[in-house]
Structures are given as C-alpha cells and as structure tokens.
Amino acid sequence: MVMNDRSITPRSSAWRPWNGGRCPVDDDAIVTVCGRYGSQKTARAADLRWSHDQYFEYGVDDIIAYMPVD
C-alpha cells in the first residue's frame, strides 16, 4: 500500500543511504523511501522491495535512501 508518490531527491540529513539487502526496519514501520531515479513514496516497510536489481527495468524500483516516519 503506497500512501503517496512524488518526485524528489534525498537532501535532508534525516535520510539514511541504502545499498540494498534485507529490510533495515521493522516490517510494520512506516518509511519514506527515495528511488534510484528520484521518485519518493511513503509506505509500510514490508510492502517495499529493499533488495537491488538493476537487471529489472534498470533498477527503477531500487531504494537508495530511506527515512522513518514518526
């Protein structure tokens, strides 16, 4: 379930860089993520794909940074 989607790049110090792998937060945590090409969305962590796969649509869904939502 994606709550919103808008184009932005991570500039705030609240952003945490992400290089792929297992989800770094609790599955039920709400996070805002920044995609490889600048898209941003807020969703439940378990509903996102945290691993990187540049062979699938050139990594369009790869998360490069995330920020927990309070």
# chains A, B, ... in the order shown; residues from 1 in each chain; ligands from 1
call {"tool": "residues_around", "arguments": {"residues": "Ala14 in chain A", "least_positions_apart": "3", "cutoff": "12 Å", "atoms": "only C-alpha atoms", "output": "PyMOL selection string"}}
result
chain A and resi 10-11+17+31-33+65-70
call {"tool": "residues_around", "arguments": {"residues": "Asn19 in chain A", "least_positions_apart": "2", "cutoff": "12 Å", "atoms": "only C-alpha atoms", "output": "ChimeraX atom specification"}}
result
/A:16-17,21-24,34-36,50-54,59,62-66
call {"tool": "atom_distance", "arguments": {"atom1": "CA of Asp47 in chain A", "atom2": "CA of Ser13 in chain A"}}
result
24.2 Å
